[in-house]
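As stored in my_file_11.txt (compact mmCIF, C-alpha atoms):
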```txt
# COMPACT_ATOMS: atom_id res chain seq x y z
CA MET A 1 0.00 0.00 0.00
CA LYS A 2 1.55 3.25 -1.15
CA SER A 3 2.09 5.84 1.55
CA VAL A 4 4.95 8.18 2.42
CA VAL A 5 6.42 5.70 4.87
CA THR A 6 6.24 2.67 2.58
CA THR A 7 7.61 4.65 -0.38
CA VAL A 8 10.59 5.74 1.70
CA ILE A 9 11.20 2.21 2.96
CA ALA A 10 10.92 0.71 -0.53
CA ALA A 11 13.50 3.20 -1.83
CA ALA A 12 15.87 2.57 1.08
CA ASP A 13 15.48 -1.19 0.66
CA ALA A 14 16.18 -1.02 -3.06
CA ALA A 15 19.45 0.73 -2.25
CA GLY A 16 20.15 -1.62 0.67
CA ARG A 17 20.72 1.14 3.17
CA PHE A 18 19.37 2.08 6.57
CA PRO A 19 16.76 4.88 6.70
CA SER A 20 18.81 8.04 6.12
CA THR A 21 18.28 11.45 7.62
CA SER A 22 16.48 12.64 4.50
CA ASP A 23 14.23 9.54 4.61
CA LEU A 24 13.29 10.39 8.18
CA GLU A 25 12.72 14.02 7.25
CA SER A 26 10.24 13.13 4.54
CA VAL A 27 8.37 10.89 6.98
CA GLN A 28 8.34 13.74 9.45
CA GLY A 29 6.92 16.05 6.80
CA SER A 30 4.05 13.62 6.30
CA LEU A 31 3.46 13.28 10.05
CA GLN A 32 3.24 17.06 10.40
CA ARG A 33 0.29 17.14 8.02
CA ALA A 34 -1.23 14.01 9.52
CA ALA A 35 -3.25 15.85 12.17
CA ALA A 36 -5.23 17.72 9.51
CA ARG A 37 -5.69 14.57 7.45
CA MET A 38 -6.91 12.63 10.50
CA GLU A 39 -9.39 15.38 11.27
CA ALA A 40 -10.77 15.29 7.73
CA ALA A 41 -10.97 11.48 7.80
CA GLU A 42 -12.74 11.52 11.14
CA LYS A 43 -15.32 14.11 10.04
CA LEU A 44 -15.89 12.40 6.71
CA SER A 45 -16.28 8.87 8.10
CA GLY A 46 -18.54 10.12 10.87
CA ASN A 47 -20.87 11.63 8.30
CA LEU A 48 -20.32 9.31 5.37
CA ASP A 49 -23.97 8.38 4.79
CA ASN A 50 -25.18 11.96 4.69
CA VAL A 51 -22.38 13.21 2.45
CA ALA A 52 -22.97 10.32 0.04
CA LYS A 53 -26.74 10.87 0.03
CA GLU A 54 -26.39 14.57 -0.76
CA ALA A 55 -23.86 13.90 -3.51
CA TYR A 56 -26.04 11.21 -5.04
CA ASP A 57 -29.15 13.42 -4.93
CA ALA A 58 -27.20 16.24 -6.56
CA CYS A 59 -26.05 14.10 -9.47
CA ILE A 60 -29.55 12.70 -10.09
CA ALA A 61 -30.92 16.26 -9.98
CA LYS A 62 -28.37 17.26 -12.61
CA TYR A 63 -28.95 14.20 -14.81
CA PRO A 64 -32.68 13.37 -14.36
CA TYR A 65 -32.66 11.27 -17.56
CA LEU A 66 -30.94 8.55 -15.49
CA ASN A 67 -34.34 7.78 -13.95
CA ASN A 68 -35.86 6.93 -17.36
CA ALA A 69 -36.60 3.28 -18.13
CA GLY A 70 -33.44 1.42 -19.12
CA GLU A 71 -31.08 4.03 -17.75
CA ALA A 72 -28.55 3.59 -14.93
CA ASN A 73 -30.81 4.81 -12.12
CA SER A 74 -34.13 3.36 -13.30
CA SER A 75 -34.85 0.66 -10.70
CA GLU A 76 -34.56 0.35 -6.93
CA THR A 77 -31.60 -2.04 -7.35
CA PHE A 78 -29.83 0.44 -9.61
CA LYS A 79 -30.54 3.30 -7.24
CA THR A 80 -29.00 1.51 -4.25
CA LYS A 81 -26.02 0.54 -6.39
CA CYS A 82 -25.43 4.12 -7.55
CA MET A 83 -25.65 5.30 -3.97
CA ARG A 84 -23.27 2.53 -2.89
CA ASP A 85 -20.72 3.53 -5.54
CA VAL A 86 -20.66 7.15 -4.39
CA LYS A 87 -20.28 5.96 -0.82
CA HIS A 88 -17.42 3.67 -1.85
CA TYR A 89 -15.52 6.57 -3.38
CA LEU A 90 -15.99 8.69 -0.28
CA ARG A 91 -14.92 5.82 1.97
CA LEU A 92 -11.77 5.29 -0.11
CA ILE A 93 -11.10 9.02 0.15
CA SER A 94 -11.30 8.73 3.94
CA TYR A 95 -8.86 5.79 3.80
CA SER A 96 -6.47 7.79 1.65
CA LEU A 97 -6.67 10.64 4.13
CA VAL A 98 -5.61 8.24 6.88
CA VAL A 99 -2.78 6.68 4.88
CA GLY A 100 -1.49 10.03 3.64
CA GLY A 101 -1.24 8.88 0.02
CA THR A 102 -3.47 7.79 -2.82
CA GLY A 103 -2.78 4.07 -2.27
CA PRO A 104 -6.30 2.96 -1.24
CA LEU A 105 -7.93 4.96 -4.05
CA ASP A 106 -5.47 3.67 -6.63
CA GLU A 107 -5.69 0.02 -5.62
CA TRP A 108 -9.36 -0.32 -4.74
CA GLY A 109 -11.07 2.46 -6.69
CA ILE A 110 -9.24 3.56 -9.79
CA ALA A 111 -7.52 0.37 -10.98
CA GLY A 112 -9.86 -1.19 -13.56
CA GLN A 113 -12.44 1.57 -13.13
CA ARG A 114 -12.55 2.60 -16.79
CA GLU A 115 -12.93 -1.02 -17.96
CA VAL A 116 -15.76 -1.73 -15.49
CA TYR A 117 -17.75 1.36 -16.43
CA ARG A 118 -17.28 0.63 -20.12
CA ALA A 119 -18.36 -3.01 -19.70
CA LEU A 120 -21.45 -2.01 -17.72
CA ASN A 121 -22.19 0.89 -20.08
CA LEU A 122 -22.25 3.40 -17.21
CA PRO A 123 -21.68 7.11 -17.81
CA THR A 124 -18.90 8.66 -15.68
CA GLY A 125 -20.39 12.14 -15.89
CA PRO A 126 -22.85 11.58 -13.02
CA TYR A 127 -20.02 10.33 -10.77
CA VAL A 128 -18.10 13.51 -11.55
CA ALA A 129 -21.23 15.55 -10.75
CA ALA A 130 -21.72 13.74 -7.43
CA LEU A 131 -18.09 14.12 -6.36
CA SER A 132 -17.95 17.76 -7.51
CA PHE A 133 -20.94 18.43 -5.31
CA ALA A 134 -19.26 16.65 -2.38
CA ARG A 135 -16.17 18.75 -2.99
CA ASN A 136 -17.91 22.13 -3.26
CA ARG A 137 -20.25 21.40 -0.37
CA GLY A 138 -17.33 21.27 2.06
CA CYS A 139 -16.93 24.47 4.00
CA ALA A 140 -14.31 25.59 6.52
CA PRO A 141 -14.59 26.04 9.43
CA ARG A 142 -18.20 24.75 9.51
CA ASP A 143 -17.34 21.16 8.48
CA MET A 144 -13.65 20.92 9.30
CA SER A 145 -10.60 23.14 9.64
CA ALA A 146 -9.22 24.87 6.56
CA GLN A 147 -6.13 22.68 6.33
CA ALA A 148 -8.24 19.52 6.69
CA LEU A 149 -10.57 20.73 3.95
CA THR A 150 -7.59 21.32 1.65
CA GLU A 151 -6.44 17.74 2.12
CA TYR A 152 -9.98 16.47 1.52
CA ASN A 153 -10.46 18.58 -1.61
CA ALA A 154 -7.15 17.41 -3.06
CA LEU A 155 -8.24 13.79 -2.86
CA VAL A 156 -11.72 14.44 -4.26
CA ASP A 157 -10.05 16.25 -7.15
CA TYR A 158 -7.81 13.23 -7.66
CA VAL A 159 -10.85 10.96 -8.07
CA ILE A 160 -12.64 13.45 -10.33
CA ASN A 161 -9.58 13.59 -12.57
CA SER A 162 -9.44 9.82 -12.73
CA LEU A 163 -13.05 9.75 -13.95
CA SER A 164 -12.73 12.33 -16.69
CA MET B 1 4.20 -3.67 2.43
CA LEU B 2 2.01 -1.98 5.02
CA ASP B 3 2.55 0.67 7.67
CA ALA B 4 0.49 1.39 10.77
CA PHE B 5 -1.90 3.56 8.74
CA SER B 6 -2.45 1.21 5.83
CA ARG B 7 -2.83 -1.71 8.26
CA ALA B 8 -5.82 0.10 9.82
CA VAL B 9 -7.21 0.86 6.36
CA VAL B 10 -6.87 -2.75 5.16
CA SER B 11 -8.69 -4.12 8.18
CA ALA B 12 -11.46 -1.50 7.85
CA ASP B 13 -11.85 -2.30 4.15
CA ALA B 14 -12.39 -5.98 4.98
CA SER B 15 -15.79 -4.97 6.38
CA THR B 16 -16.28 -2.02 3.96
CA ALA B 17 -16.60 0.23 6.98
CA PRO B 18 -15.07 3.64 7.59
CA ILE B 19 -12.26 3.63 10.13
CA GLY B 20 -14.02 3.95 13.46
CA ASP B 21 -11.31 4.52 16.02
CA LEU B 22 -8.46 6.80 15.01
CA SER B 23 -7.05 7.26 18.52
CA ALA B 24 -4.22 4.73 18.07
CA LEU B 25 -3.13 6.41 14.84
CA LYS B 26 -3.35 9.85 16.42
CA ALA B 27 -1.06 8.61 19.18
CA PHE B 28 1.29 7.30 16.48
CA VAL B 29 1.36 10.74 14.88
CA ALA B 30 1.75 12.55 18.18
CA SER B 31 4.79 10.47 19.16
CA GLY B 32 6.15 10.47 15.60
CA ASN B 33 9.33 12.36 16.42
CA ARG B 34 10.24 9.84 19.10
CA ARG B 35 9.86 7.07 16.58
CA LEU B 36 12.09 8.87 14.09
CA ASP B 37 14.69 9.39 16.82
CA ALA B 38 14.54 5.70 17.67
CA VAL B 39 15.06 4.71 14.03
CA ASN B 40 17.90 7.21 13.81
CA ALA B 41 19.47 5.77 16.97
CA ILE B 42 19.56 2.33 15.35
CA ALA B 43 20.64 3.55 11.90
CA SER B 44 23.42 5.75 13.27
CA ASN B 45 24.90 2.95 15.37
CA ALA B 46 24.19 0.11 12.96
CA SER B 47 27.69 -1.00 12.01
CA CYS B 48 28.84 -0.88 15.63
CA MET B 49 25.79 -2.86 16.74
CA VAL B 50 26.25 -5.52 14.08
CA SER B 51 29.96 -6.06 14.61
CA ASP B 52 29.53 -6.17 18.39
CA ALA B 53 26.66 -8.66 18.11
CA ILE B 54 28.62 -10.98 15.83
CA ALA B 55 31.76 -10.61 17.97
CA GLY B 56 29.72 -11.42 21.08
CA MET B 57 28.23 -14.47 19.41
CA ILE B 58 31.72 -15.72 18.49
CA CYS B 59 33.13 -14.94 21.94
CA GLU B 60 30.59 -17.30 23.45
CA ASN B 61 31.23 -19.98 20.85
CA GLN B 62 34.86 -19.98 19.69
CA GLY B 63 34.25 -23.01 17.52
CA LEU B 64 32.64 -20.75 14.95
CA ILE B 65 35.98 -19.26 13.87
CA GLN B 66 37.99 -22.47 13.93
CA ALA B 67 38.44 -24.52 10.77
CA GLY B 68 35.07 -26.08 9.96
CA GLY B 69 33.19 -23.43 11.96
CA ASN B 70 30.49 -21.39 10.30
CA CYS B 71 32.40 -18.10 10.55
CA TYR B 72 35.61 -19.56 9.07
CA PRO B 73 37.17 -18.44 6.72
CA ASN B 74 36.79 -14.69 6.20
CA ARG B 75 34.37 -15.23 3.34
CA ARG B 76 31.83 -16.79 5.68
CA MET B 77 32.53 -14.30 8.46
CA ALA B 78 31.77 -11.52 5.96
CA ALA B 79 28.50 -13.26 5.02
CA CYS B 80 27.62 -13.45 8.69
CA LEU B 81 28.22 -9.73 9.24
CA ARG B 82 26.22 -8.94 6.14
CA ASP B 83 23.28 -11.01 7.35
CA GLY B 84 23.38 -9.34 10.76
CA GLU B 85 23.18 -5.99 9.06
CA ILE B 86 20.29 -7.12 6.86
CA VAL B 87 18.25 -8.29 9.86
CA LEU B 88 18.91 -5.05 11.72
CA ARG B 89 18.01 -3.03 8.63
CA TYR B 90 14.64 -4.71 8.24
CA VAL B 91 13.93 -4.27 11.94
CA SER B 92 14.65 -0.55 11.52
CA TYR B 93 12.21 -0.45 8.57
CA ALA B 94 9.54 -2.20 10.65
CA LEU B 95 10.09 0.26 13.48
CA LEU B 96 9.77 3.19 11.07
CA ALA B 97 6.57 1.78 9.54
CA GLY B 98 5.10 0.75 12.89
CA ASP B 99 4.19 -2.59 11.34
CA ALA B 100 6.01 -5.90 10.94
CA SER B 101 4.85 -6.67 7.39
CA VAL B 102 8.04 -5.41 5.70
CA LEU B 103 10.13 -7.55 8.06
CA ASP B 104 7.96 -10.62 7.49
CA ASP B 105 7.64 -10.34 3.72
CA ARG B 106 11.12 -9.25 2.75
CA CYS B 107 13.35 -10.78 5.42
CA LEU B 108 11.84 -13.60 7.49
CA ASN B 109 9.80 -15.36 4.81
CA GLY B 110 11.86 -18.48 4.00
CA LEU B 111 14.85 -17.40 6.11
CA LYS B 112 14.69 -20.46 8.35
CA GLU B 113 14.62 -22.82 5.37
CA THR B 114 17.48 -20.94 3.68
CA TYR B 115 19.65 -21.15 6.77
CA ALA B 116 18.80 -24.84 7.23
CA ALA B 117 19.81 -25.52 3.62
CA LEU B 118 23.07 -23.60 4.02
CA GLY B 119 23.86 -25.27 7.34
CA VAL B 120 23.82 -22.03 9.36
CA PRO B 121 23.31 -22.89 13.05
CA ALA B 122 20.05 -21.37 14.33
CA THR B 123 21.24 -21.12 17.94
CA SER B 124 24.17 -18.87 17.02
CA THR B 125 22.00 -16.70 14.78
CA VAL B 126 19.43 -16.33 17.55
CA ARG B 127 22.16 -15.32 19.99
CA ALA B 128 23.40 -12.55 17.66
CA VAL B 129 19.83 -11.28 17.24
CA GLN B 130 19.36 -11.30 21.02
CA ILE B 131 22.46 -9.16 21.42
CA MET B 132 21.20 -6.73 18.81
CA LYS B 133 17.86 -6.60 20.62
CA ALA B 134 19.58 -5.54 23.85
CA GLN B 135 21.71 -2.99 21.96
CA ALA B 136 18.69 -1.53 20.21
CA ALA B 137 16.90 -1.13 23.53
CA ALA B 138 19.94 0.64 25.01
CA HIS B 139 20.29 2.96 22.02
CA ILE B 140 16.58 3.85 21.88
CA GLN B 141 16.56 4.54 25.61
CA ASP B 142 19.83 6.39 25.03
CA ASP B 143 20.90 5.07 28.40
CA PRO B 144 24.17 3.18 27.86
CA SER B 145 25.90 1.63 30.85
CA GLU B 146 28.75 3.96 31.78
CA ALA B 147 30.45 1.25 33.84
CA ARG B 148 30.62 -1.14 30.91
CA ALA B 149 31.12 1.28 28.05
CA GLY B 150 34.03 3.09 29.71
CA ALA B 151 35.91 5.29 27.27
CA ARG B 152 33.69 4.14 24.40
CA LEU B 153 30.54 5.64 25.96
CA ARG B 154 28.40 7.19 23.27
CA LYS B 155 25.11 9.01 23.63
CA MET B 156 22.72 10.32 20.99
CA GLY B 157 21.69 13.34 23.03
CA SER B 158 20.09 14.26 26.31
CA PRO B 159 16.82 12.40 26.95
CA VAL B 160 13.71 14.45 26.23
CA VAL B 161 11.04 12.23 27.75
CA ASN B 162 11.04 10.70 31.19
CA ASP B 163 9.90 7.23 30.19
CA ARG B 164 12.83 6.97 27.76
CA CYS B 165 10.53 5.85 24.95
CA ALA B 166 9.46 2.69 26.77
CA SER B 167 6.74 1.91 24.24
CA LEU B 168 9.19 2.13 21.34
CA VAL B 169 11.69 -0.05 23.17
CA ALA B 170 8.93 -2.63 23.62
CA GLU B 171 7.94 -2.34 19.97
CA ALA B 172 11.51 -2.74 18.70
CA SER B 173 12.00 -5.70 21.04
CA SER B 174 8.87 -7.31 19.63
CA TYR B 175 10.34 -7.11 16.11
CA PHE B 176 13.57 -8.77 17.28
CA ASP B 177 11.46 -11.43 19.01
CA ARG B 178 9.71 -11.98 15.72
CA VAL B 179 13.06 -12.65 14.06
CA ILE B 180 14.01 -15.04 16.87
CA SER B 181 10.77 -17.01 16.67
CA ALA B 182 11.03 -17.17 12.86
CA LEU B 183 14.47 -18.77 13.18
CA GLY B 184 13.61 -21.19 15.96
```

Show me the file's structure as structure tokens.
Amino acid sequence: MKSVVTTVIAAADAAGRFPSTSDLESVQGSLQRAAARMEAAEKLSGNLDNVAKEAYDACIAKYPYLNNAGEANSSETFKTKCMRDVKHYLRLISYSLVVGGTGPLDEWGIAGQREVYRALNLPTGPYVAALSFARNRGCAPRDMSAQALTEYNALVDYVINSLS
Amino acid sequence: MLDAFSRAVVSADASTAPIGDLSALKAFVASGNRRLDAVNAIASNASCMVSDAIAGMICENQGLIQAGGNCYPNRRMAACLRDGEIVLRYVSYALLAGDASVLDDRCLNGLKETYAALGVPATSTVRAVQIMKAQAAAHIQDDPSEARAGARLRKMGSPVVNDRCASLVAEASSYFDRVISALG
């Protein structure tokens, strides 16, 4: 799982050396930002259902055609699955906030994403709309501190970029 | 390879749940500088620790450096020192990550079988690891014995915390114990 610590260790191991001062400094840099990331992860996971619901509602409001017969949001099963997908992305974002790298998103969200959506004939636009809403809805200091919100926004942007 | 953070994430993902309790990770972050100092204490004293551990092992078992012993001739002694350094290096990685997976996957997996095939005596290896475990504890505590060290006394700095990083000493010791049980 890619994080600052594992990246540093992998590099040191490839060179066969003990962790050097600069290795330790880069870990320290990550630990200094960890408090903000932990805060964002805590707030997001504590409110995951609501954030996902709002984001899902926003994307269906923007793309109402998805409710038409035969479209991706046309049955109860489809609706719960759409909702679940949005929630998955937000959960992986909270994991990535904890790890301090994009490892969980890369390995469990983005790898194979394009192929799956193509095979299932799903549009990625609505996902982008949902995540954009989740991104713009965040507000400091109402939801979390400014630094925490920056970390959160960066990861939502990362997912949005992967979808477009 | 996992660290303390990704370990928590992997176990949360197994039940597709958000991470509920972040207090352990927050404590990890809060005491992060101590951990880095502990890793630095090992890394900065590594060659001294390794050579002392191997020398101690041989002191207690002179047969190792006589003809037919496993540290004779120099070629095999050099291999022994190299292996001591490798073990200590992976322990330092595990201590930095706060998780034993890097030690397990990259060092201990198959080590026992390799040593058995090469005829390396497990008891001597375990003894060298035990010595390194004691050295690592002393260096992390930064509390070397002045009576024994004499003129060679070496300190990393003045201690900052009263408990002398007891939790990190215990954690490092647990990684050395892992090596010992993997060899036994």

Length of the CA of Ser3 (chain A) to CA of Glu115 (chain A) vector [Å]: 25.6 Å

Nearest to chain A by atom-to-atom distance, counting only C-alpha atoms, from B:Val179, B:Ala41, B:Met57, B:Cys71: B:Ala41

Interface, chain B side, toward chain A (7 Å; all atoms listed in the file) as JSON, numbers by chain: {"B": [1, 2, 3, 5, 6, 9, 18, 19, 29, 32, 36, 43, 89, 93, 97]}

Neighbour list for Val87 (chain B) as JSON, numbers by chain, cut-off 12 Å, only C-alpha atoms, skip fewer than 2 positions in-chain: {"A": [13, 16, 17, 18], "B": [46, 49, 50, 53, 80, 81, 82, 83, 84, 85, 89, 90, 91, 92, 93, 94, 102, 103, 104, 106, 107, 108, 111, 125, 126, 128, 129, 130, 132, 133, 175, 176, 177, 178, 179, 180, 182, 183]}

Interatomic distance (Å, one decimal) between CA of Tyr89 (chain A) and CA of Ala69 (chain A): 25.9 Å

Return as JSON the box centre and box size in Å, one decimal, for an axis-aligned box around all listed atoms of region 115-132 of chain A padded by 8 Å per side.
```
{"center_x": -17.9, "center_y": 7.4, "center_z": -13.2, "size_x": 25.9, "size_y": 36.8, "size_z": 29.8}
```

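The gap separating CA of Ile140 (chain B) from CA of Cys165 (chain B) is 7.1 Å, in Å to one decimal.
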
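The shell of residues at most 12 Å from Arg135 (chain A), with all atoms listed in the file counted and near chain neighbours (fewer than 3 positions) removed, consists of Leu44, Val51, Ala52, Glu54, Ala55, Ala58, Leu90, Ile93, Val128, Ala129, Ala130, Leu131, Ser132, Gly138, Cys139, Ala140, Asp143, Leu149, Thr150, Glu151, Tyr152, Asn153, Ala154, Leu155, Val156, Asp157, Tyr158, Val159 and Ile160 of chain A.
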
For Ile65 (chain B), the nearest of the candidates B:Ala78, B:Ile86, B:Leu96, B:Ala172, counting only C-alpha atoms: B:Ala78

Which residue of A:Lys43, A:Arg114, A:Lys53, A:Arg137 approaches Val86 (chain A) most closely, using all atoms listed in the file: A:Lys53

Among the residues A:Arg84, A:Arg37, A:Arg118, A:Lys79, the one that comes closest to Thr16 (chain B) [using all atoms listed in the file]: A:Arg84

Protein and nucleic acid residues near (23.7, 6.8, 26.9) (cut-off 8 Å, all atoms listed in the file) as a ChimeraX atom specification: /B:138-139,141-146,153-157
